[in-house]
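> Dropping in query37.tsv, which is TSV, C-alpha atoms and all ligand atoms:
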```tsv
chain	number	residue	atom	x	y	z
K	1	LYS	CA	67.64	-14.04	33.94
K	2	ILE	CA	67.85	-17.75	34.64
K	3	LEU	CA	69.46	-19.75	37.45
K	4	ILE	CA	70.01	-23.48	36.96
K	5	ILE	CA	70.64	-25.39	40.19
K	6	GLY	CA	72.32	-28.75	39.53
K	7	ALA	CA	73.65	-27.57	36.17
K	8	CYS	CA	76.38	-30.22	35.94
K	9	GLY	CA	74.06	-33.23	36.10
K	10	GLN	CA	72.73	-35.36	33.27
K	11	ILE	CA	69.86	-33.00	32.44
K	12	GLY	CA	71.43	-29.77	33.72
K	13	THR	CA	74.39	-29.96	31.33
K	14	GLU	CA	72.21	-30.13	28.22
K	15	LEU	CA	69.70	-27.66	29.60
K	16	THR	CA	72.41	-25.09	30.34
K	17	ARG	CA	73.80	-25.38	26.83
K	18	GLN	CA	70.37	-24.95	25.23
K	19	LEU	CA	69.22	-22.10	27.46
K	20	ARG	CA	72.50	-20.23	26.85
K	21	GLU	CA	72.01	-20.60	23.10
K	22	LEU	CA	68.47	-19.35	23.40
K	23	TYR	CA	68.77	-16.49	25.89
K	24	GLY	CA	72.47	-15.59	25.74
K	25	VAL	CA	75.37	-16.83	27.85
K	26	GLU	CA	75.28	-13.91	30.29
K	27	ASN	CA	71.59	-14.48	31.08
K	28	VAL	CA	71.97	-18.07	32.21
K	29	ILE	CA	73.74	-18.63	35.53
K	30	ALA	CA	74.77	-22.24	36.04
K	31	SER	CA	75.30	-23.56	39.56
K	32	ASP	CA	76.19	-26.85	41.19
K	33	ILE	CA	77.56	-28.27	44.43
K	34	ARG	CA	81.07	-28.40	42.95
K	35	LYS	CA	83.04	-26.71	40.26
K	36	LEU	CA	84.13	-29.22	37.65
K	37	ASN	CA	86.27	-28.45	34.67
K	38	ASN	CA	83.55	-28.89	32.09
K	39	ASP	CA	81.57	-27.08	29.44
K	40	VAL	CA	78.93	-25.78	31.84
K	41	VAL	CA	81.58	-24.15	34.04
K	42	ASN	CA	83.77	-22.89	31.22
K	43	SER	CA	81.15	-21.60	28.81
K	44	GLY	CA	79.52	-18.93	30.99
K	45	PRO	CA	78.69	-17.67	34.48
K	46	PHE	CA	78.97	-20.38	37.14
K	47	GLU	CA	78.45	-20.37	40.91
K	48	VAL	CA	79.09	-23.05	43.52
K	49	ILE	CA	75.89	-23.57	45.48
K	50	ASN	CA	74.40	-25.94	48.03
K	51	ALA	CA	70.76	-26.46	47.09
K	52	LEU	CA	70.00	-26.98	50.79
K	53	ASP	CA	71.19	-23.50	51.74
K	54	PHE	CA	68.32	-21.02	51.36
K	55	ASN	CA	70.53	-18.00	52.01
K	56	GLN	CA	72.96	-18.97	49.26
K	57	ILE	CA	70.16	-19.34	46.72
K	58	GLU	CA	68.56	-16.08	47.81
K	59	HIS	CA	71.91	-14.30	47.54
K	60	LEU	CA	72.46	-15.55	43.98
K	61	VAL	CA	68.94	-14.51	43.02
K	62	GLU	CA	69.61	-11.00	44.32
K	63	ILE	CA	73.07	-10.40	42.87
K	64	HIS	CA	72.14	-11.79	39.43
K	65	ASN	CA	68.56	-10.45	39.25
K	66	ILE	CA	67.23	-13.96	38.68
K	67	THR	CA	63.62	-14.31	37.50
K	68	ASP	CA	63.46	-18.02	36.60
K	69	ILE	CA	64.92	-21.02	38.45
K	70	TYR	CA	65.35	-24.53	37.07
K	71	LEU	CA	65.88	-26.81	40.07
K	72	MET	CA	67.68	-29.90	38.71
K	73	ALA	CA	69.52	-31.00	41.86
K	74	ALA	CA	68.24	-34.28	43.32
K	75	LEU	CA	69.14	-37.77	44.42
K	76	LEU	CA	67.81	-40.34	41.93
K	77	SER	CA	65.97	-43.56	42.67
K	78	ALA	CA	68.80	-46.07	43.28
K	79	THR	CA	70.95	-43.68	45.32
K	80	ALA	CA	67.94	-42.53	47.32
K	81	GLU	CA	67.22	-46.10	48.45
K	82	LYS	CA	70.74	-46.22	49.90
K	83	ASN	CA	70.40	-42.91	51.70
K	84	PRO	CA	66.71	-42.24	52.38
K	85	ALA	CA	67.09	-39.47	54.94
K	86	PHE	CA	69.45	-37.41	52.83
K	87	ALA	CA	67.36	-38.01	49.70
K	88	TRP	CA	64.27	-36.71	51.45
K	89	ASP	CA	66.17	-33.72	52.82
K	90	LEU	CA	67.72	-32.75	49.48
K	91	ASN	CA	64.76	-33.47	47.21
K	92	MET	CA	62.20	-31.74	49.44
K	93	ASN	CA	64.01	-28.84	51.06
K	94	SER	CA	65.66	-27.58	47.87
K	95	LEU	CA	62.16	-27.43	46.40
K	96	PHE	CA	60.77	-25.56	49.41
K	97	HIS	CA	63.58	-23.01	49.16
K	98	VAL	CA	62.74	-22.23	45.57
K	99	LEU	CA	58.97	-22.27	46.12
K	100	ASN	CA	59.37	-19.88	49.05
K	101	LEU	CA	61.48	-17.48	46.96
K	102	ALA	CA	58.63	-17.37	44.44
K	103	LYS	CA	56.03	-16.98	47.18
K	104	ALA	CA	58.01	-13.97	48.47
K	105	LYS	CA	57.96	-12.61	44.87
K	106	LYS	CA	61.74	-12.72	44.59
K	107	ILE	CA	61.53	-14.87	41.45
K	108	LYS	CA	58.79	-15.25	38.84
K	109	LYS	CA	58.90	-18.77	37.46
K	110	ILE	CA	60.09	-22.23	38.52
K	111	PHE	CA	60.81	-25.43	36.65
K	112	TRP	CA	60.91	-28.50	38.85
K	113	PRO	CA	61.28	-32.01	37.43
K	114	SER	CA	59.05	-34.82	38.58
K	115	SER	CA	59.28	-38.40	37.37
K	116	ILE	CA	57.28	-41.46	36.40
K	117	ALA	CA	58.53	-42.73	39.79
K	118	VAL	CA	55.50	-40.99	41.34
K	119	PHE	CA	53.61	-44.12	40.28
K	120	GLY	CA	53.83	-47.36	42.21
K	121	PRO	CA	53.07	-51.08	42.16
K	122	THR	CA	49.29	-50.51	42.41
K	123	THR	CA	49.22	-48.16	39.41
K	124	PRO	CA	47.89	-49.61	36.12
K	125	LYS	CA	51.07	-50.44	34.15
K	126	GLU	CA	50.20	-49.77	30.54
K	127	ASN	CA	49.26	-46.39	29.11
K	128	THR	CA	49.29	-44.98	32.64
K	129	SER	CA	47.13	-41.89	32.77
K	130	GLN	CA	47.72	-38.51	34.36
K	131	TYR	CA	45.19	-39.16	37.10
K	132	THR	CA	45.39	-42.68	38.51
K	133	ILE	CA	46.44	-44.58	41.60
K	134	MET	CA	49.70	-43.14	42.93
K	135	GLU	CA	51.29	-45.12	45.72
K	136	PRO	CA	55.04	-44.79	45.10
K	137	SER	CA	57.10	-47.38	46.96
K	138	THR	CA	60.55	-45.79	46.60
K	139	VAL	CA	62.03	-42.92	48.60
K	140	TYR	CA	62.64	-41.07	45.35
K	141	GLY	CA	59.05	-41.60	44.20
K	142	ILE	CA	57.67	-40.49	47.55
K	143	SER	CA	59.74	-37.30	47.36
K	144	LYS	CA	58.56	-36.58	43.81
K	145	GLN	CA	54.92	-37.28	44.66
K	146	SER	CA	55.10	-35.01	47.73
K	147	GLY	CA	56.89	-32.37	45.69
K	148	GLU	CA	54.11	-32.42	43.12
K	149	ARG	CA	51.49	-31.88	45.82
K	150	TRP	CA	53.45	-28.91	47.19
K	151	CYS	CA	53.92	-27.38	43.72
K	152	GLU	CA	50.19	-27.51	43.14
K	153	TYR	CA	49.52	-26.12	46.61
K	154	TYR	CA	51.91	-23.19	46.13
K	155	ASN	CA	50.29	-22.45	42.79
K	156	HIS	CA	46.71	-22.61	44.03
K	157	VAL	CA	47.22	-20.90	47.38
K	158	PHE	CA	50.08	-18.45	46.73
K	159	GLY	CA	49.88	-18.01	42.95
K	160	VAL	CA	53.39	-19.38	42.39
K	161	ASP	CA	54.13	-20.03	38.69
K	162	VAL	CA	55.71	-23.47	38.97
K	163	ARG	CA	55.80	-25.85	36.02
K	164	SER	CA	56.73	-29.52	35.94
K	165	VAL	CA	56.89	-32.68	33.85
K	166	ARG	CA	57.18	-36.30	34.91
K	167	TYR	CA	60.30	-37.32	33.01
K	168	PRO	CA	60.64	-40.95	31.99
K	169	GLY	CA	64.13	-42.53	31.91
K	170	LEU	CA	66.41	-40.16	30.02
K	171	ILE	CA	69.01	-41.28	27.50
K	172	SER	CA	71.87	-38.96	26.66
K	173	TRP	CA	75.39	-39.21	25.27
K	174	SER	CA	77.21	-36.12	26.56
K	175	THR	CA	76.85	-36.47	30.35
K	176	PRO	CA	76.45	-39.74	32.26
K	177	PRO	CA	73.41	-40.27	34.50
K	178	GLY	CA	73.99	-40.83	38.20
K	179	GLY	CA	72.16	-43.18	40.47
K	180	GLY	CA	68.98	-43.93	38.55
K	181	THR	CA	67.26	-47.20	37.71
K	182	THR	CA	66.89	-46.29	34.05
K	183	ASP	CA	70.66	-45.66	33.75
K	184	TYR	CA	71.17	-49.05	32.09
K	185	ALA	CA	69.74	-47.59	28.89
K	186	VAL	CA	72.72	-45.20	28.73
K	187	ASP	CA	75.42	-47.63	29.94
K	188	ILE	CA	74.40	-50.20	27.37
K	189	PHE	CA	75.50	-47.91	24.51
K	190	HIS	CA	78.92	-47.23	26.02
K	191	LYS	CA	79.53	-50.93	26.67
K	192	ALA	CA	78.21	-51.94	23.25
K	193	LEU	CA	80.81	-49.73	21.59
K	194	LEU	CA	83.66	-50.55	23.97
K	195	ASP	CA	83.24	-54.24	24.85
K	196	LYS	CA	80.52	-55.48	22.46
K	197	LYS	CA	78.76	-56.90	25.51
K	198	TYR	CA	76.69	-55.65	28.41
K	199	ASP	CA	75.64	-57.18	31.71
K	200	CYS	CA	72.26	-55.65	32.57
K	201	PHE	CA	71.10	-55.09	36.16
K	202	LEU	CA	67.46	-55.58	35.12
K	203	THR	CA	65.74	-58.61	33.58
K	204	ALA	CA	65.23	-58.91	29.82
K	205	GLN	CA	61.52	-58.05	29.80
K	206	THR	CA	61.54	-55.05	32.17
K	207	LYS	CA	59.77	-52.48	30.03
K	208	MET	CA	59.99	-48.83	31.09
K	209	PRO	CA	59.06	-45.44	29.63
K	210	MET	CA	62.09	-43.67	28.13
K	211	MET	CA	63.00	-40.52	26.24
K	212	TYR	CA	65.98	-39.13	24.35
K	213	MET	CA	67.55	-36.10	26.03
K	214	GLU	CA	66.93	-33.82	23.06
K	215	ASP	CA	63.19	-34.40	23.49
K	216	ALA	CA	63.36	-33.92	27.27
K	217	ILE	CA	65.11	-30.57	26.89
K	218	ALA	CA	62.64	-29.49	24.21
K	219	ALA	CA	59.72	-30.34	26.54
K	220	THR	CA	61.32	-28.44	29.41
K	221	ILE	CA	61.87	-25.30	27.37
K	222	GLN	CA	58.45	-25.59	25.76
K	223	ILE	CA	56.53	-25.84	29.04
K	224	MET	CA	58.50	-22.88	30.43
K	225	GLN	CA	57.81	-20.74	27.36
K	226	ALA	CA	54.09	-21.52	27.20
K	227	PRO	CA	51.65	-18.81	28.33
K	228	ALA	CA	50.73	-19.42	32.00
K	229	ALA	CA	47.06	-19.98	31.13
K	230	LYS	CA	47.98	-23.06	29.06
K	231	ILE	CA	49.59	-24.79	32.02
K	232	LYS	CA	46.43	-26.21	33.53
K	233	ILE	CA	48.16	-28.92	35.54
K	234	ARG	CA	50.31	-27.46	38.31
K	235	SER	CA	51.38	-30.70	39.93
K	236	SER	CA	53.25	-32.27	37.00
K	237	TYR	CA	52.49	-33.42	33.45
K	238	ASN	CA	52.82	-37.00	32.21
K	239	LEU	CA	55.36	-37.01	29.37
K	240	ALA	CA	56.12	-39.84	26.96
K	241	ALA	CA	58.13	-40.73	23.89
K	242	MET	CA	58.95	-44.46	23.79
K	243	SER	CA	58.90	-47.60	25.95
K	244	PHE	CA	61.21	-50.58	25.70
K	245	SER	CA	62.79	-53.43	27.65
K	246	PRO	CA	66.51	-54.28	27.88
K	247	ALA	CA	65.94	-57.09	25.34
K	248	GLU	CA	64.32	-54.68	22.90
K	249	ILE	CA	67.05	-52.04	23.09
K	250	ALA	CA	69.69	-54.78	22.77
K	251	ARG	CA	68.04	-55.98	19.58
K	252	GLU	CA	68.01	-52.43	18.23
K	253	ILE	CA	71.73	-52.01	19.01
K	254	GLN	CA	72.45	-55.34	17.29
K	255	LYS	CA	71.14	-53.83	14.05
K	256	HIS	CA	74.22	-51.56	14.19
K	257	ILE	CA	76.63	-53.84	16.07
K	258	PRO	CA	75.68	-57.44	15.14
K	259	GLU	CA	78.23	-59.03	17.49
K	260	PHE	CA	76.79	-57.25	20.55
K	261	THR	CA	75.54	-59.56	23.31
K	262	ILE	CA	73.63	-58.92	26.52
K	263	THR	CA	73.37	-60.87	29.78
K	264	TYR	CA	71.03	-60.26	32.69
K	265	HIS	CA	71.78	-60.19	36.43
K	266	ALA	CA	69.04	-58.35	38.26
K	267	ASP	CA	70.04	-56.51	41.44
K	268	PHE	CA	68.11	-54.34	43.95
K	269	ARG	CA	67.09	-51.99	41.16
K	270	GLN	CA	64.79	-54.65	39.67
K	271	LYS	CA	62.28	-54.05	42.45
K	272	ILE	CA	62.33	-50.32	41.77
K	273	ALA	CA	61.80	-50.86	38.04
K	274	ASP	CA	59.00	-53.35	38.67
K	275	SER	CA	57.11	-50.74	40.69
K	276	TRP	CA	56.96	-48.28	37.78
K	277	PRO	CA	54.69	-48.10	34.72
K	278	ALA	CA	55.70	-49.67	31.41
K	279	SER	CA	54.12	-46.96	29.27
K	280	ILE	CA	52.65	-43.51	29.82
K	281	ASN	CA	49.65	-41.62	28.45
K	282	ASP	CA	50.63	-37.97	28.01
K	283	VAL	CA	47.57	-36.60	26.20
K	284	GLN	CA	47.29	-33.57	28.52
K	285	ALA	CA	50.80	-32.29	27.70
K	286	ARG	CA	50.08	-32.72	23.99
K	287	GLU	CA	46.76	-30.89	24.24
K	288	ASP	CA	47.60	-28.15	26.75
K	289	TRP	CA	50.96	-26.91	25.51
K	290	GLY	CA	51.60	-28.77	22.28
K	291	TRP	CA	54.10	-31.42	23.38
K	292	LYS	CA	55.37	-33.67	20.55
K	293	HIS	CA	58.29	-36.07	20.74
K	294	LYS	CA	60.79	-36.52	17.93
K	295	PHE	CA	62.78	-39.64	18.80
K	296	ASP	CA	61.63	-43.26	18.93
K	297	LEU	CA	63.78	-46.28	19.81
K	298	GLU	CA	65.13	-46.60	16.28
K	299	SER	CA	66.13	-42.97	15.67
K	300	MET	CA	67.44	-42.57	19.23
K	301	THR	CA	69.70	-45.61	18.86
K	302	THR	CA	71.15	-44.39	15.56
K	303	ASN	CA	71.72	-40.91	17.02
K	304	MET	CA	73.25	-42.20	20.26
K	305	LEU	CA	75.72	-44.53	18.53
K	306	GLY	CA	76.64	-41.84	16.01
K	307	ASN	CA	77.38	-39.31	18.75
K	308	LEU	CA	79.28	-41.70	21.01
K	309	LYS	CA	81.55	-42.87	18.20
K	401	LIG	C1	65.70	-42.88	37.91
K	401	LIG	N1	65.96	-41.77	35.80
K	401	LIG	O1	65.92	-43.93	37.35
K	401	LIG	C2	65.37	-41.67	37.09
K	401	LIG	C3	63.93	-41.51	36.91
K	401	LIG	C4	62.19	-42.49	35.45
K	401	LIG	C5	63.07	-42.64	36.60
K	401	LIG	O2	63.34	-40.37	37.33
K	401	LIG	O3	65.77	-42.76	39.10
```
Spell out the structure here as structure tokens.
Ligand code: VAH

Amino acid sequence: KILIIGACGQIGTELTRQLRELYGVENVIASDIRKLNNDVVNSGPFEVINALDFNQIEHLVEIHNITDIYLMAALLSATAEKNPAFAWDLNMNSLFHVLNLAKAKKIKKIFWPSSIAVFGPTTPKENTSQYTIMEPSTVYGISKQSGERWCEYYNHVFGVDVRSVRYPGLISWSTPPGGGTTDYAVDIFHKALLDKKYDCFLTAQTKMPMMYMEDAIAATIQIMQAPAAKIKIRSSYNLAAMSFSPAEIAREIQKHIPEFTITYHADFRQKIADSWPASINDVQAREDWGWKHKFDLESMTTNMLGNLK
């Protein structure tokens, strides 16, 4: 049985839907800090949970006989810069709670998301490899980098089966993102359809690694289903699909909506974006557990616009 913590977020919503389809509604317990009136809550078992409360998580694990936890609760990069202490508390201690449950053999398997934010301004920007300089300069990146180290430690020292990928910016149509630097790549579609114009908070040439949600969910389920022996990296795997700048995605949208225009007014998020890689080398994920992406900029744009309409 599966517990998803942070099931109402951008990734959690899609993940819950997919896991319920795969393993049956009754076997996937969704949980979040509040009970919204949405699909996740209405389509199956749902519990209100505070990811910072170890006893609450432990209680849910016991009453539902949970074996696998997907920990999707976190503060993202832009929000974390505004509230560093809380970001550190939430992003780190929720992870420790879940790792410690596995160490105590109360659960069997963990999925924990990392991010390309583990890289920093001193990291080589193009085709960034799995093993390279990692000096993250954001609170969010520091928490993800530390989390990765702890995941590997718990695996090596305590035998905890924890699996992780470094998600790039994720683009989805059904649930909005919250508080990330890559969020522009979702907003731009909504504004293109509604207003035919978008004012971007990053500069035109800010290229970042991105992925369509369908691919991100596929990767998540794939790494969790792989035999343990295939997961050779226990910190977190580089994962890639496409890379583009605001100017490039705008041009792609203009192929569908010719009158669409974009303007640029960089804010504090520019510095965050500038500290991250532009493209990612994910050869290990492809070799170790067979990762393959489906969507590129062109097919993602067509799919996004089709679904939002
Ligand atoms: C953020 N989307 O912008 C997240 C992320 C690749 C970055 O993890 O904060």
> Compile a residue-level contact table for chain K against ligand LIG 401 (chain K) at a cut-off of 7 Å, reporting for every qualifying residue the shortest atom pair and its distance in Å to one decimal, with all atoms listed in the file counted, rows ordered by chain and ascending number, as JSON lines.

```
{"residue": "K:Leu76", "atom": "CA", "partner": "K:LIG401", "partner_atom": "O3", "distance": 4.2}
{"residue": "K:Ser77", "atom": "CA", "partner": "K:LIG401", "partner_atom": "O3", "distance": 3.7}
{"residue": "K:Ala78", "atom": "CA", "partner": "K:LIG401", "partner_atom": "O3", "distance": 6.1}
{"residue": "K:Ser115", "atom": "CA", "partner": "K:LIG401", "partner_atom": "O2", "distance": 4.5}
{"residue": "K:Ile116", "atom": "CA", "partner": "K:LIG401", "partner_atom": "C4", "distance": 5.1}
{"residue": "K:Ala117", "atom": "CA", "partner": "K:LIG401", "partner_atom": "C5", "distance": 5.5}
{"residue": "K:Tyr167", "atom": "CA", "partner": "K:LIG401", "partner_atom": "C4", "distance": 6.0}
{"residue": "K:Pro168", "atom": "CA", "partner": "K:LIG401", "partner_atom": "C4", "distance": 4.1}
{"residue": "K:Gly169", "atom": "CA", "partner": "K:LIG401", "partner_atom": "C4", "distance": 4.0}
{"residue": "K:Leu170", "atom": "CA", "partner": "K:LIG401", "partner_atom": "N1", "distance": 6.0}
{"residue": "K:Gly179", "atom": "CA", "partner": "K:LIG401", "partner_atom": "O3", "distance": 6.5}
{"residue": "K:Gly180", "atom": "CA", "partner": "K:LIG401", "partner_atom": "O1", "distance": 3.3}
{"residue": "K:Thr181", "atom": "CA", "partner": "K:LIG401", "partner_atom": "O1", "distance": 3.6}
{"residue": "K:Thr182", "atom": "CA", "partner": "K:LIG401", "partner_atom": "O1", "distance": 4.2}
{"residue": "K:Asp183", "atom": "CA", "partner": "K:LIG401", "partner_atom": "O1", "distance": 6.2}
```
> Which residue out of K:Gly306, K:Pro177, K:Pro113, K:Pro124 has the minimum interatomic distance to K:Arg163 when all atoms listed in the file are used?
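The answer is K:Pro113, which sits nearest to K:Arg163.
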> So which residues touch K:Ile223 within 10 Å, counting only C-alpha atoms, skipping near sequence neighbours fewer than 5 positions away, as a PyMOL selection string?
chain K and resi 111+163-165+218+228+230-231+237+285+288-291
> With a distance cut-off of 8 Å and all atoms listed in the file, select the neighbouring residues of K:Glu47, excluding the residue or stretch itself and same-chain residues fewer than 6 positions from it, and output the selection as JSON, numbers by chain.
{"K": [29, 30, 31, 32, 35]}
> Atom CA of K:Arg269 and atom CA of K:Gln254, how far apart in Å?
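Separating atom CA of K:Gln254 from atom CA of K:Arg269 is a distance of 24.7 Å.
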> What is the atom CA of K:Gly147 to atom CA of K:Ala85 distance in Å?
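Atom CA of K:Gly147 sits 15.5 Å away from atom CA of K:Ala85.
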> What is the atom CA of K:Asn38-atom CA of K:Trp112 distance in Å, reported with one decimal?
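Between these atoms lies a distance of 23.6 Å.
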